[in-house]
Number of protein chains: 2
Amino acid sequence: MSKQEIEKKLAQLMDTVPECEGLIAADTNGKVIVGQTIVDMDHAKIAKACVSIVKDSNTLGTDIGKGTLRNTTIELEEGFAVLVGSEKTVLIALAGPDGKASLGLLKRNLISISNL
Amino acid sequence: MSKQEIEKKLAQLMDTVPECEGLIAADTNGKVIVGQTIVDMDHAKIAKACVSIVKDSNTLGTDIGKGTLRNTTIELEEGFAVLVGSEKTVLIALAGPDGKASLGLLKRNLISISNL
């Protein structure tokens, strides 16, 4: 999928889920492909941490014989991050504390974009 | 909380949730405190990957201004891992593909043990 296609899909998702505070797509080296956050954030730093989480989750999956990562939902003190990893990209959605009910929707959309 | 107390609580949880295939408690350096899995697994390797995920999740939380990690749910091709991090310990629950409906229960129990 091209950068333009990912950008379009992520922009649509941002419109669909008002609780979503940011969407970032990165390659598996942590290089940001596209990123959009409602407040100014360091997308490269976010991508770096998330790619590292995806790598360690894949390692964990191998260690316990349960295959590679499908997705991960991270609950923080004041919000959430949903990560979906594929062979080529890592998709990241950020949400505030009010985003709990939208996590499933965000996850399903990221998986669908990831499979395009 | 002592090692004996954690061990007792984790053994109780393992009995309560039949879909749970493993429970491991590690310190924040990745040293395994106690571990129990239904099949033979390398608890030290699992703890290492999970402690790394918790660290990166805390970094992510700081990067996006949303505080530290509460918990994370990792969906793999053939199962799940639930991680709860506190200042001193990382608690890890492993479940098979049939464990999806028990993830909330596992998470709540790990949080409660983590807060003891």
# chains A, B, ... in the order shown; residues from 1 in each chain; ligands from 1
call {"tool": "interface_residues", "arguments": {"of": "chain B", "to": "chain A", "cutoff": "12 Å", "atoms": "only C-alpha atoms", "output": "count of residues only"}}
result
60
call {"tool": "calpha_fit_and_write", "arguments": {"fixed": "chain A", "moving": "chain B", "output": "short mmCIF file (atom, residue, chain, number, x, y, z; two decimals) with N, CA, C and O atoms, in the first residue's frame"}}
result
data_model
loop_
_atom_site.label_atom_id
_atom_site.label_comp_id
_atom_site.auth_asym_id
_atom_site.auth_seq_id
_atom_site.Cartn_x
_atom_site.Cartn_y
_atom_site.Cartn_z
N MET B 1 0.84 -1.18 -0.03
CA MET B 1 -0.01 0.02 -0.01
C MET B 1 0.89 1.27 -0.02
O MET B 1 1.90 1.29 0.68
N SER B 2 0.48 2.27 -0.78
CA SER B 2 1.29 3.48 -0.88
C SER B 2 1.09 4.37 0.35
O SER B 2 0.12 4.22 1.09
N LYS B 3 2.03 5.28 0.55
CA LYS B 3 1.94 6.25 1.64
C LYS B 3 0.62 7.04 1.55
O LYS B 3 -0.04 7.28 2.56
N GLN B 4 0.23 7.41 0.33
CA GLN B 4 -1.00 8.18 0.12
C GLN B 4 -2.23 7.40 0.58
O GLN B 4 -3.13 7.95 1.20
N GLU B 5 -2.23 6.10 0.26
CA GLU B 5 -3.38 5.27 0.65
C GLU B 5 -3.47 5.14 2.17
O GLU B 5 -4.54 5.26 2.74
N ILE B 6 -2.31 4.89 2.80
CA ILE B 6 -2.30 4.77 4.27
C ILE B 6 -2.79 6.08 4.89
O ILE B 6 -3.60 6.09 5.81
N GLU B 7 -2.27 7.18 4.36
CA GLU B 7 -2.62 8.51 4.89
C GLU B 7 -4.14 8.75 4.80
O GLU B 7 -4.76 9.21 5.75
N LYS B 8 -4.71 8.38 3.66
CA LYS B 8 -6.15 8.56 3.44
C LYS B 8 -6.95 7.72 4.43
O LYS B 8 -7.89 8.19 5.08
N LYS B 9 -6.55 6.45 4.57
CA LYS B 9 -7.26 5.52 5.47
C LYS B 9 -7.17 5.99 6.92
O LYS B 9 -8.14 5.92 7.67
N LEU B 10 -5.98 6.45 7.32
CA LEU B 10 -5.81 6.88 8.71
C LEU B 10 -6.61 8.16 8.98
O LEU B 10 -7.20 8.32 10.05
N ALA B 11 -6.64 9.07 7.99
CA ALA B 11 -7.43 10.30 8.16
C ALA B 11 -8.91 9.98 8.29
O ALA B 11 -9.63 10.57 9.11
N GLN B 12 -9.38 9.00 7.51
CA GLN B 12 -10.78 8.56 7.62
C GLN B 12 -11.07 8.00 9.00
O GLN B 12 -12.09 8.30 9.62
N LEU B 13 -10.13 7.19 9.51
CA LEU B 13 -10.31 6.57 10.82
C LEU B 13 -10.33 7.64 11.92
O LEU B 13 -11.13 7.57 12.86
N MET B 14 -9.46 8.62 11.77
CA MET B 14 -9.40 9.73 12.75
C MET B 14 -10.75 10.45 12.80
O MET B 14 -11.21 10.85 13.88
N ASP B 15 -11.40 10.60 11.65
CA ASP B 15 -12.72 11.23 11.59
C ASP B 15 -13.80 10.34 12.20
O ASP B 15 -14.74 10.82 12.81
N THR B 16 -13.66 9.03 11.98
CA THR B 16 -14.68 8.07 12.43
C THR B 16 -14.72 7.94 13.94
O THR B 16 -15.77 7.75 14.54
N VAL B 17 -13.52 7.99 14.57
CA VAL B 17 -13.43 7.77 16.02
C VAL B 17 -12.97 9.06 16.70
O VAL B 17 -11.78 9.34 16.77
N PRO B 18 -13.92 9.85 17.20
CA PRO B 18 -13.54 11.15 17.78
C PRO B 18 -12.63 11.05 19.01
O PRO B 18 -11.89 11.99 19.30
N GLU B 19 -12.66 9.91 19.71
CA GLU B 19 -11.81 9.74 20.88
C GLU B 19 -10.36 9.47 20.50
O GLU B 19 -9.47 9.49 21.37
N CYS B 20 -10.12 9.21 19.22
CA CYS B 20 -8.76 8.92 18.78
C CYS B 20 -7.95 10.21 18.73
O CYS B 20 -8.34 11.19 18.10
N GLU B 21 -6.83 10.23 19.44
CA GLU B 21 -6.02 11.45 19.54
C GLU B 21 -4.79 11.42 18.62
O GLU B 21 -4.06 12.40 18.55
N GLY B 22 -4.58 10.28 17.98
CA GLY B 22 -3.43 10.23 17.09
C GLY B 22 -3.34 8.91 16.36
O GLY B 22 -3.76 7.87 16.87
N LEU B 23 -2.80 8.97 15.13
CA LEU B 23 -2.58 7.76 14.34
C LEU B 23 -1.24 7.89 13.66
O LEU B 23 -0.95 8.93 13.04
N ILE B 24 -0.43 6.86 13.78
CA ILE B 24 0.90 6.89 13.18
C ILE B 24 1.15 5.55 12.50
O ILE B 24 0.81 4.50 13.03
N ALA B 25 1.72 5.61 11.30
CA ALA B 25 2.17 4.40 10.62
C ALA B 25 3.68 4.49 10.48
O ALA B 25 4.22 5.53 10.10
N ALA B 26 4.37 3.42 10.84
CA ALA B 26 5.83 3.39 10.73
C ALA B 26 6.25 2.11 10.05
O ALA B 26 5.50 1.12 10.04
N ASP B 27 7.45 2.10 9.46
CA ASP B 27 7.96 0.83 8.95
C ASP B 27 8.60 0.07 10.12
O ASP B 27 8.69 0.58 11.24
N THR B 28 9.00 -1.17 9.86
CA THR B 28 9.48 -2.02 10.96
C THR B 28 10.86 -1.60 11.49
O THR B 28 11.35 -2.19 12.45
N ASN B 29 11.46 -0.58 10.86
CA ASN B 29 12.68 -0.01 11.43
C ASN B 29 12.38 1.21 12.31
O ASN B 29 13.29 1.82 12.86
N GLY B 30 11.11 1.58 12.39
CA GLY B 30 10.73 2.71 13.23
C GLY B 30 10.66 4.03 12.48
O GLY B 30 10.42 5.08 13.05
N LYS B 31 10.85 3.97 11.16
CA LYS B 31 10.76 5.18 10.34
C LYS B 31 9.28 5.53 10.14
O LYS B 31 8.49 4.69 9.69
N VAL B 32 8.91 6.77 10.49
CA VAL B 32 7.51 7.19 10.37
C VAL B 32 7.12 7.33 8.90
O VAL B 32 7.81 8.00 8.12
N ILE B 33 6.04 6.66 8.50
CA ILE B 33 5.53 6.78 7.12
C ILE B 33 4.56 7.96 7.07
O ILE B 33 4.73 8.87 6.27
N VAL B 34 3.54 7.91 7.92
CA VAL B 34 2.65 9.07 8.09
C VAL B 34 2.24 9.16 9.56
O VAL B 34 2.19 8.16 10.27
N GLY B 35 1.94 10.34 10.00
CA GLY B 35 1.52 10.52 11.38
C GLY B 35 0.63 11.74 11.53
O GLY B 35 0.83 12.75 10.84
N GLN B 36 -0.34 11.62 12.40
CA GLN B 36 -1.29 12.70 12.63
C GLN B 36 -1.69 12.63 14.11
O GLN B 36 -2.17 11.59 14.57
N THR B 37 -1.43 13.69 14.87
CA THR B 37 -1.86 13.70 16.28
C THR B 37 -2.54 15.05 16.55
O THR B 37 -2.16 16.06 15.95
N ILE B 38 -3.54 15.04 17.45
CA ILE B 38 -4.30 16.27 17.67
C ILE B 38 -3.48 17.32 18.42
O ILE B 38 -3.74 18.50 18.28
N VAL B 39 -2.51 16.88 19.21
CA VAL B 39 -1.55 17.84 19.77
C VAL B 39 -0.17 17.51 19.23
O VAL B 39 0.07 16.40 18.74
N ASP B 40 0.73 18.47 19.30
CA ASP B 40 2.07 18.26 18.76
C ASP B 40 2.82 17.19 19.56
O ASP B 40 2.95 17.29 20.77
N MET B 41 3.24 16.14 18.88
CA MET B 41 3.99 15.06 19.54
C MET B 41 5.16 14.66 18.66
O MET B 41 5.14 14.88 17.45
N ASP B 42 6.15 14.03 19.29
CA ASP B 42 7.32 13.55 18.55
C ASP B 42 6.99 12.17 17.95
O ASP B 42 7.18 11.15 18.62
N HIS B 43 6.52 12.17 16.71
CA HIS B 43 6.08 10.92 16.09
C HIS B 43 7.22 9.90 15.99
O HIS B 43 6.99 8.70 16.10
N ALA B 44 8.44 10.37 15.76
CA ALA B 44 9.58 9.46 15.61
C ALA B 44 9.85 8.72 16.91
O ALA B 44 10.11 7.51 16.91
N LYS B 45 9.77 9.45 18.05
CA LYS B 45 10.00 8.80 19.35
C LYS B 45 8.90 7.77 19.64
O LYS B 45 9.18 6.68 20.14
N ILE B 46 7.65 8.14 19.34
CA ILE B 46 6.53 7.22 19.56
C ILE B 46 6.72 5.96 18.71
O ILE B 46 6.58 4.83 19.20
N ALA B 47 7.07 6.16 17.43
CA ALA B 47 7.25 5.03 16.52
C ALA B 47 8.37 4.11 17.02
O ALA B 47 8.25 2.89 17.00
N LYS B 48 9.44 4.73 17.53
CA LYS B 48 10.59 3.94 18.01
C LYS B 48 10.16 3.03 19.16
O LYS B 48 10.47 1.83 19.17
N ALA B 49 9.46 3.59 20.15
CA ALA B 49 9.02 2.80 21.30
C ALA B 49 8.06 1.69 20.85
O ALA B 49 8.17 0.54 21.29
N CYS B 50 7.16 2.03 19.92
CA CYS B 50 6.14 1.05 19.49
C CYS B 50 6.75 -0.08 18.67
O CYS B 50 6.37 -1.25 18.83
N VAL B 51 7.68 0.25 17.79
CA VAL B 51 8.34 -0.79 16.99
C VAL B 51 9.10 -1.73 17.91
O VAL B 51 9.11 -2.96 17.71
N SER B 52 9.69 -1.18 18.96
CA SER B 52 10.41 -1.99 19.93
C SER B 52 9.44 -2.92 20.68
O SER B 52 9.75 -4.10 20.90
N ILE B 53 8.27 -2.41 21.03
CA ILE B 53 7.24 -3.23 21.70
C ILE B 53 6.79 -4.37 20.78
O ILE B 53 6.65 -5.52 21.21
N VAL B 54 6.60 -4.05 19.50
CA VAL B 54 6.17 -5.07 18.53
C VAL B 54 7.24 -6.15 18.39
O VAL B 54 6.94 -7.35 18.39
N LYS B 55 8.51 -5.73 18.32
CA LYS B 55 9.61 -6.70 18.20
C LYS B 55 9.65 -7.64 19.40
O LYS B 55 9.75 -8.85 19.27
N ASP B 56 9.58 -7.04 20.61
CA ASP B 56 9.62 -7.86 21.83
C ASP B 56 8.39 -8.76 21.94
O ASP B 56 8.47 -9.86 22.48
N SER B 57 7.25 -8.29 21.44
CA SER B 57 6.03 -9.10 21.47
C SER B 57 6.18 -10.30 20.53
O SER B 57 5.72 -11.40 20.84
N ASN B 58 6.82 -10.09 19.39
CA ASN B 58 7.09 -11.20 18.48
C ASN B 58 8.06 -12.20 19.10
O ASN B 58 7.89 -13.41 18.96
N THR B 59 9.08 -11.67 19.81
CA THR B 59 10.02 -12.54 20.52
C THR B 59 9.27 -13.36 21.56
O THR B 59 9.45 -14.58 21.67
N LEU B 60 8.40 -12.69 22.33
CA LEU B 60 7.60 -13.38 23.35
C LEU B 60 6.74 -14.47 22.71
O LEU B 60 6.69 -15.60 23.20
N GLY B 61 6.09 -14.14 21.59
CA GLY B 61 5.24 -15.11 20.89
C GLY B 61 6.03 -16.35 20.48
O GLY B 61 5.56 -17.49 20.63
N THR B 62 7.26 -16.13 20.00
CA THR B 62 8.11 -17.26 19.62
C THR B 62 8.51 -18.05 20.87
O THR B 62 8.46 -19.29 20.88
N ASP B 63 8.89 -17.33 21.94
CA ASP B 63 9.33 -17.98 23.18
C ASP B 63 8.26 -18.91 23.75
O ASP B 63 8.57 -19.95 24.33
N ILE B 64 6.99 -18.49 23.64
CA ILE B 64 5.93 -19.30 24.23
C ILE B 64 5.21 -20.16 23.19
O ILE B 64 4.20 -20.79 23.49
N GLY B 65 5.74 -20.18 21.97
CA GLY B 65 5.19 -21.05 20.92
C GLY B 65 3.81 -20.65 20.46
O GLY B 65 3.00 -21.51 20.10
N LYS B 66 3.53 -19.33 20.48
CA LYS B 66 2.19 -18.89 20.10
C LYS B 66 2.20 -17.94 18.89
O LYS B 66 1.26 -17.16 18.69
N GLY B 67 3.26 -18.01 18.10
CA GLY B 67 3.31 -17.26 16.85
C GLY B 67 3.58 -15.78 17.04
O GLY B 67 3.92 -15.33 18.12
N THR B 68 3.37 -15.06 15.95
CA THR B 68 3.73 -13.64 15.96
C THR B 68 2.57 -12.76 16.47
O THR B 68 1.46 -13.22 16.64
N LEU B 69 2.91 -11.49 16.65
CA LEU B 69 1.95 -10.52 17.20
C LEU B 69 0.82 -10.22 16.23
O LEU B 69 1.06 -9.99 15.05
N ARG B 70 -0.38 -10.22 16.74
CA ARG B 70 -1.52 -9.69 15.97
C ARG B 70 -1.72 -8.22 16.34
O ARG B 70 -1.72 -7.36 15.49
N ASN B 71 -1.93 -7.98 17.61
CA ASN B 71 -2.10 -6.60 18.07
C ASN B 71 -1.88 -6.52 19.56
O ASN B 71 -1.89 -7.54 20.25
N THR B 72 -1.67 -5.32 20.05
CA THR B 72 -1.52 -5.15 21.48
C THR B 72 -2.22 -3.86 21.93
O THR B 72 -2.25 -2.88 21.19
N THR B 73 -2.86 -3.93 23.08
CA THR B 73 -3.56 -2.78 23.64
C THR B 73 -2.87 -2.39 24.94
O THR B 73 -2.77 -3.20 25.87
N ILE B 74 -2.36 -1.18 24.98
CA ILE B 74 -1.59 -0.70 26.13
C ILE B 74 -2.44 0.29 26.92
O ILE B 74 -2.86 1.32 26.37
N GLU B 75 -2.70 -0.03 28.18
CA GLU B 75 -3.46 0.90 29.02
C GLU B 75 -2.48 1.69 29.87
O GLU B 75 -1.71 1.12 30.66
N LEU B 76 -2.50 3.00 29.71
CA LEU B 76 -1.63 3.89 30.48
C LEU B 76 -2.46 4.59 31.55
O LEU B 76 -3.68 4.48 31.56
N GLU B 77 -1.80 5.34 32.42
CA GLU B 77 -2.52 6.04 33.49
C GLU B 77 -3.60 6.96 32.91
O GLU B 77 -4.69 7.08 33.47
N GLU B 78 -3.28 7.61 31.79
CA GLU B 78 -4.23 8.59 31.27
C GLU B 78 -4.60 8.38 29.79
O GLU B 78 -4.80 9.36 29.05
N GLY B 79 -4.64 7.13 29.38
CA GLY B 79 -5.02 6.89 28.00
C GLY B 79 -4.63 5.50 27.52
O GLY B 79 -4.24 4.64 28.31
N PHE B 80 -4.70 5.35 26.21
CA PHE B 80 -4.48 4.03 25.62
C PHE B 80 -3.67 4.15 24.33
O PHE B 80 -3.72 5.18 23.65
N ALA B 81 -2.98 3.06 24.01
CA ALA B 81 -2.35 2.94 22.70
C ALA B 81 -2.69 1.56 22.15
O ALA B 81 -2.67 0.57 22.89
N VAL B 82 -3.06 1.52 20.89
CA VAL B 82 -3.34 0.25 20.22
C VAL B 82 -2.31 0.08 19.10
O VAL B 82 -2.12 1.00 18.30
N LEU B 83 -1.63 -1.05 19.08
CA LEU B 83 -0.61 -1.30 18.05
C LEU B 83 -0.98 -2.53 17.24
O LEU B 83 -1.37 -3.55 17.81
N VAL B 84 -0.85 -2.41 15.93
CA VAL B 84 -1.04 -3.55 15.05
C VAL B 84 0.21 -3.69 14.19
O VAL B 84 0.61 -2.73 13.53
N GLY B 85 0.82 -4.84 14.26
CA GLY B 85 2.06 -5.05 13.51
C GLY B 85 1.85 -6.01 12.36
O GLY B 85 1.16 -7.02 12.51
N SER B 86 2.41 -5.68 11.21
CA SER B 86 2.43 -6.64 10.11
C SER B 86 3.89 -6.81 9.70
O SER B 86 4.79 -6.30 10.36
N GLU B 87 4.12 -7.52 8.61
CA GLU B 87 5.51 -7.74 8.20
C GLU B 87 6.23 -6.45 7.83
O GLU B 87 7.41 -6.31 8.02
N LYS B 88 5.45 -5.51 7.26
CA LYS B 88 6.09 -4.30 6.76
C LYS B 88 5.84 -3.05 7.59
O LYS B 88 6.65 -2.12 7.58
N THR B 89 4.69 -3.00 8.26
CA THR B 89 4.34 -1.76 8.96
C THR B 89 3.86 -2.00 10.39
O THR B 89 3.40 -3.08 10.73
N VAL B 90 4.00 -0.95 11.18
CA VAL B 90 3.41 -0.92 12.52
C VAL B 90 2.43 0.24 12.53
O VAL B 90 2.80 1.37 12.19
N LEU B 91 1.18 -0.04 12.85
CA LEU B 91 0.16 1.01 12.92
C LEU B 91 -0.13 1.29 14.39
O LEU B 91 -0.28 0.37 15.19
N ILE B 92 -0.20 2.58 14.73
CA ILE B 92 -0.35 2.99 16.13
C ILE B 92 -1.55 3.93 16.24
O ILE B 92 -1.65 4.90 15.50
N ALA B 93 -2.45 3.63 17.18
CA ALA B 93 -3.56 4.55 17.48
C ALA B 93 -3.43 4.98 18.93
O ALA B 93 -3.16 4.16 19.82
N LEU B 94 -3.60 6.27 19.20
CA LEU B 94 -3.54 6.81 20.56
C LEU B 94 -4.93 7.32 20.95
O LEU B 94 -5.63 7.90 20.12
N ALA B 95 -5.31 7.09 22.21
CA ALA B 95 -6.60 7.58 22.67
C ALA B 95 -6.48 8.05 24.11
O ALA B 95 -5.62 7.60 24.86
N GLY B 96 -7.38 8.98 24.49
CA GLY B 96 -7.40 9.47 25.85
C GLY B 96 -8.17 8.53 26.76
O GLY B 96 -8.61 7.47 26.34
N PRO B 97 -8.34 8.92 28.04
CA PRO B 97 -9.03 8.05 29.00
C PRO B 97 -10.47 7.73 28.57
O PRO B 97 -11.02 6.70 28.94
N ASP B 98 -11.08 8.63 27.78
CA ASP B 98 -12.45 8.40 27.29
C ASP B 98 -12.49 7.44 26.10
O ASP B 98 -13.56 7.16 25.55
N GLY B 99 -11.34 6.93 25.70
CA GLY B 99 -11.27 6.11 24.49
C GLY B 99 -11.49 4.63 24.72
O GLY B 99 -11.50 3.84 23.77
N LYS B 100 -11.70 4.24 25.97
CA LYS B 100 -11.80 2.81 26.30
C LYS B 100 -12.84 2.06 25.43
O LYS B 100 -12.55 0.98 24.92
N ALA B 101 -14.01 2.66 25.29
CA ALA B 101 -15.10 2.00 24.55
C ALA B 101 -14.81 1.94 23.05
O ALA B 101 -15.46 1.20 22.32
N SER B 102 -13.83 2.72 22.59
CA SER B 102 -13.53 2.75 21.15
C SER B 102 -12.33 1.88 20.78
O SER B 102 -11.95 1.82 19.61
N LEU B 103 -11.74 1.21 21.77
CA LEU B 103 -10.52 0.46 21.49
C LEU B 103 -10.75 -0.67 20.49
O LEU B 103 -9.93 -0.90 19.60
N GLY B 104 -11.89 -1.36 20.62
CA GLY B 104 -12.21 -2.44 19.70
C GLY B 104 -12.36 -1.94 18.27
O GLY B 104 -11.83 -2.54 17.34
N LEU B 105 -13.04 -0.81 18.14
CA LEU B 105 -13.25 -0.20 16.82
C LEU B 105 -11.91 0.23 16.20
O LEU B 105 -11.65 -0.02 15.02
N LEU B 106 -11.07 0.86 17.02
CA LEU B 106 -9.75 1.27 16.53
C LEU B 106 -8.94 0.05 16.09
O LEU B 106 -8.33 0.05 15.01
N LYS B 107 -8.97 -0.99 16.91
CA LYS B 107 -8.21 -2.20 16.62
C LYS B 107 -8.67 -2.82 15.31
O LYS B 107 -7.85 -3.13 14.44
N ARG B 108 -9.98 -2.97 15.17
CA ARG B 108 -10.52 -3.59 13.94
C ARG B 108 -10.13 -2.78 12.70
O ARG B 108 -9.77 -3.32 11.66
N ASN B 109 -10.19 -1.46 12.81
CA ASN B 109 -9.84 -0.61 11.68
C ASN B 109 -8.34 -0.70 11.35
O ASN B 109 -7.97 -0.75 10.18
N LEU B 110 -7.51 -0.69 12.39
CA LEU B 110 -6.07 -0.80 12.13
C LEU B 110 -5.74 -2.15 11.48
O LEU B 110 -4.93 -2.21 10.55
N ILE B 111 -6.38 -3.22 11.95
CA ILE B 111 -6.15 -4.54 11.36
C ILE B 111 -6.55 -4.53 9.89
O ILE B 111 -5.81 -5.02 9.03
N SER B 112 -7.70 -3.91 9.61
CA SER B 112 -8.18 -3.87 8.23
C SER B 112 -7.23 -3.06 7.34
O SER B 112 -6.92 -3.46 6.21
N ILE B 113 -6.71 -1.94 7.86
CA ILE B 113 -5.75 -1.13 7.08
C ILE B 113 -4.44 -1.92 6.90
O ILE B 113 -3.85 -1.93 5.83
N SER B 114 -4.03 -2.60 7.96
CA SER B 114 -2.79 -3.35 7.94
C SER B 114 -2.83 -4.48 6.90
O SER B 114 -1.80 -4.86 6.34
N ASN B 115 -4.03 -5.02 6.66
CA ASN B 115 -4.17 -6.13 5.71
C ASN B 115 -4.35 -5.69 4.26
O ASN B 115 -4.43 -6.53 3.37
N LEU B 116 -4.44 -4.38 4.03
CA LEU B 116 -4.69 -3.90 2.66
C LEU B 116 -3.51 -4.21 1.74
O LEU B 116 -2.38 -4.20 2.17
#
call {"tool": "select_by_dssp", "arguments": {"residues": "chain A", "states": "alpha helix (DSSP H)", "output": "ChimeraX atom specification"}}
result
/A:3-16,43-63,103-114
call {"tool": "select_by_dssp", "arguments": {"residues": "range 1-112 of chain A", "states": "strand (DSSP E or B)", "output": "VMD selection string"}}
result
chain A and resid 20 to 27 32 to 37 69 to 76 79 to 85 89 to 95
